[in-house]
Amino acid sequence: MSHSSETRIFTAPAASVPSRLASVEAYEALAHGPGALACARTDKLHHVFGSTRSGYAIYFFAELLAQFDFPALTFLTDSGQQYAFEGEYGTTLVEVLDAEKQRAVITQMNALFAALKTNPTIAYEAENFGHLCDDDIENALARDYVSGRPYADTEVYGDEGDTADYLFTYLRSVLKVVENALDEGLVVIFSAEL
């Protein structure tokens, strides 16, 4: 049986986010309060839930980022977050993105997509799990589809979060949440349970 790593990203009003998260309970209060409101929004994408078998998308993305200098994106890997809380079921990693960090994420994510569209071989060489087939990266990058739950979305190829289509749908969706937050003056909260 394989383990799935769960991620969540959502927007929240700045006034609802403490200057420092002291515990996993403080994060959970945000997730159940402002996070629930962000999840309920239907006008724009303000939340994304991710699930990837054996951490595939997280570790593949980390290998991919190692080929670039995009430090604003490291929070989407298994390191580089502001907070790490040990709990009964593992570690919860949390990152809070203010407007400055959001701008950096938007710039660097767009630069990453552009670089990979120009040279998809970088992504093929970074993936060392053996899950990719011919044109998987090109096909995934050619789409503009976003989803609040890409792991359970029938429009996303693969259902366990271990495909190129899942990874790039997830990344586009995260980007859309960050763009929407910046447009509305909101903070972004990301968490990963590993």
# chains A, B, ... in the order shown; residues from 1 in each chain; ligands from 1
call {"tool": "select_by_dssp", "arguments": {"residues": "region 15-165 of chain A", "states": "strand (DSSP E or B)", "output": "PyMOL selection string"}}
result
chain A and resi 47-53+83-87+90-97
call {"tool": "residues_around", "arguments": {"residues": "region 185-191 of chain A", "least_positions_apart": "6", "cutoff": "10 Å", "atoms": "only C-alpha atoms", "output": "PyMOL selection string"}}
result
chain A and resi 6-17+27+30-31+34-35+46-50+75-76+81+83-84+92-99+101-102+174+177-179
call {"tool": "write_last_selection", "arguments": {"atoms": "C-alpha atoms", "output": "PDB file, in the first residue's frame"}}
result
ATOM      1  CA  GLU A   6      -1.892  15.797   0.680  1.00  0.00           C
ATOM      2  CA  THR A   7      -1.587  19.492  -0.120  1.00  0.00           C
ATOM      3  CA  ARG A   8      -3.912  22.425   0.214  1.00  0.00           C
ATOM      4  CA  ILE A   9      -3.681  26.049  -0.864  1.00  0.00           C
ATOM      5  CA  PHE A  10      -6.285  28.700  -0.162  1.00  0.00           C
ATOM      6  CA  THR A  11      -6.740  32.444   0.135  1.00  0.00           C
ATOM      7  CA  ALA A  12      -7.615  34.346   3.288  1.00  0.00           C
ATOM      8  CA  PRO A  13      -8.051  37.954   4.377  1.00  0.00           C
ATOM      9  CA  ALA A  14      -4.782  39.273   5.820  1.00  0.00           C
ATOM     10  CA  ALA A  15      -6.519  40.257   9.072  1.00  0.00           C
ATOM     11  CA  SER A  16      -7.435  36.598   9.705  1.00  0.00           C
ATOM     12  CA  VAL A  17      -3.827  35.371   9.523  1.00  0.00           C
ATOM     13  CA  TYR A  27      -3.064  26.447  10.969  1.00  0.00           C
ATOM     14  CA  LEU A  30      -7.273  29.014   9.390  1.00  0.00           C
ATOM     15  CA  ALA A  31      -8.064  25.960   7.282  1.00  0.00           C
ATOM     16  CA  PRO A  34     -11.056  31.263   6.022  1.00  0.00           C
ATOM     17  CA  GLY A  35     -10.071  28.085   4.181  1.00  0.00           C
ATOM     18  CA  HIS A  46      -9.434  30.365  -4.374  1.00  0.00           C
ATOM     19  CA  HIS A  47      -8.498  26.869  -3.198  1.00  0.00           C
ATOM     20  CA  VAL A  48      -6.801  23.724  -4.473  1.00  0.00           C
ATOM     21  CA  PHE A  49      -6.651  20.356  -2.780  1.00  0.00           C
ATOM     22  CA  GLY A  50      -3.881  18.062  -4.012  1.00  0.00           C
ATOM     23  CA  PHE A  75       7.416  25.887  -0.921  1.00  0.00           C
ATOM     24  CA  LEU A  76       5.698  23.444  -3.328  1.00  0.00           C
ATOM     25  CA  GLN A  81       8.318  26.304   4.059  1.00  0.00           C
ATOM     26  CA  TYR A  83       6.596  26.300   9.389  1.00  0.00           C
ATOM     27  CA  ALA A  84       6.915  22.567  10.075  1.00  0.00           C
ATOM     28  CA  THR A  92       2.560  19.377   8.269  1.00  0.00           C
ATOM     29  CA  LEU A  93       4.494  22.012   6.317  1.00  0.00           C
ATOM     30  CA  VAL A  94       2.951  25.480   6.023  1.00  0.00           C
ATOM     31  CA  GLU A  95       3.853  28.558   3.971  1.00  0.00           C
ATOM     32  CA  VAL A  96       2.123  31.955   4.079  1.00  0.00           C
ATOM     33  CA  LEU A  97       2.434  34.092   0.959  1.00  0.00           C
ATOM     34  CA  ASP A  98       2.013  37.841   1.248  1.00  0.00           C
ATOM     35  CA  ALA A  99       1.744  40.094  -1.812  1.00  0.00           C
ATOM     36  CA  LYS A 101       5.867  36.499  -2.274  1.00  0.00           C
ATOM     37  CA  GLN A 102       2.808  36.140  -4.507  1.00  0.00           C
ATOM     38  CA  VAL A 174      -1.902  26.948  -7.678  1.00  0.00           C
ATOM     39  CA  VAL A 177      -5.127  30.856  -6.754  1.00  0.00           C
ATOM     40  CA  VAL A 178      -2.074  33.070  -6.205  1.00  0.00           C
ATOM     41  CA  GLU A 179      -3.093  35.400  -9.058  1.00  0.00           C
TER      42      GLU A 179
END
call {"tool": "closest_residue", "arguments": {"among": "A:Arg143, A:Arg149, A:Arg53, A:Arg103", "to": "His3 (chain A)", "atoms": "only C-alpha atoms"}}
result
A:Arg53
call {"tool": "residues_around", "arguments": {"residues": "Gly158 (chain A)", "least_positions_apart": "4", "cutoff": "12 Å", "atoms": "only C-alpha atoms", "output": "VMD selection string"}}
result
chain A and resid 51 to 53 131 to 132 136 140 150 to 154 162 to 167 169
call {"tool": "residues_around", "arguments": {"residues": "Ala126 (chain A)", "least_positions_apart": "5", "cutoff": "7 Å", "atoms": "only C-alpha atoms", "output": "list in words"}}
result
Phe60, Glu63 and Leu64 of chain A
call {"tool": "select_by_dssp", "arguments": {"residues": "chain A", "states": "alpha helix (DSSP H)", "output": "ChimeraX atom specification"}}
result
/A:24-32,34-40,56-65,99-118,121-126,136-142,164-184
call {"tool": "residues_around", "arguments": {"residues": "Asp144 (chain A)", "least_positions_apart": "6", "cutoff": "10 Å", "atoms": "only C-alpha atoms", "output": "PDB file with N, CA, C and O atoms, in the first residue's frame"}}
result
ATOM      1  N   PHE A 168       1.072  19.361 -13.802  1.00  0.00           N
ATOM      2  CA  PHE A 168       0.963  20.669 -14.433  1.00  0.00           C
ATOM      3  C   PHE A 168      -0.432  21.274 -14.274  1.00  0.00           C
ATOM      4  O   PHE A 168      -0.558  22.501 -14.199  1.00  0.00           O
ATOM      5  N   THR A 169      -1.468  20.453 -14.168  1.00  0.00           N
ATOM      6  CA  THR A 169      -2.783  20.995 -13.823  1.00  0.00           C
ATOM      7  C   THR A 169      -2.740  21.572 -12.415  1.00  0.00           C
ATOM      8  O   THR A 169      -3.253  22.662 -12.149  1.00  0.00           O
ATOM      9  N   ARG A 172      -0.713  24.890 -12.479  1.00  0.00           N
ATOM     10  CA  ARG A 172      -1.521  25.971 -13.074  1.00  0.00           C
ATOM     11  C   ARG A 172      -2.606  26.420 -12.099  1.00  0.00           C
ATOM     12  O   ARG A 172      -2.909  27.614 -12.001  1.00  0.00           O
ATOM     13  N   SER A 173      -3.184  25.469 -11.383  1.00  0.00           N
ATOM     14  CA  SER A 173      -4.252  25.787 -10.433  1.00  0.00           C
ATOM     15  C   SER A 173      -3.711  26.586  -9.258  1.00  0.00           C
ATOM     16  O   SER A 173      -4.333  27.561  -8.810  1.00  0.00           O
TER      17      SER A 173
END
call {"tool": "atom_distance", "arguments": {"atom1": "CA of Gly55 (chain A)", "atom2": "CA of Thr74 (chain A)"}}
result
14.8 Å
call {"tool": "closest_residue", "arguments": {"among": "A:Thr107, A:Gly87, A:Glu193, A:Phe68", "to": "Ala123 (chain A)", "atoms": "only C-alpha atoms"}}
result
A:Phe68
call {"tool": "atom_distance", "arguments": {"atom1": "CA of Leu112 (chain A)", "atom2": "CA of Ala62 (chain A)"}}
result
12.7 Å
call {"tool": "closest_residue", "arguments": {"among": "A:Val24, A:Ile137, A:Ala192, A:Leu116", "to": "Leu65 (chain A)", "atoms": "only C-alpha atoms"}}
result
A:Leu116
call {"tool": "atom_distance", "arguments": {"atom1": "CA of Pro120 (chain A)", "atom2": "CA of Leu175 (chain A)"}}
result
19.5 Å
call {"tool": "closest_residue", "arguments": {"among": "A:Thr121, A:Val105, A:Gly33, A:Val156", "to": "Phe70 (chain A)", "atoms": "only C-alpha atoms"}}
result
A:Val105
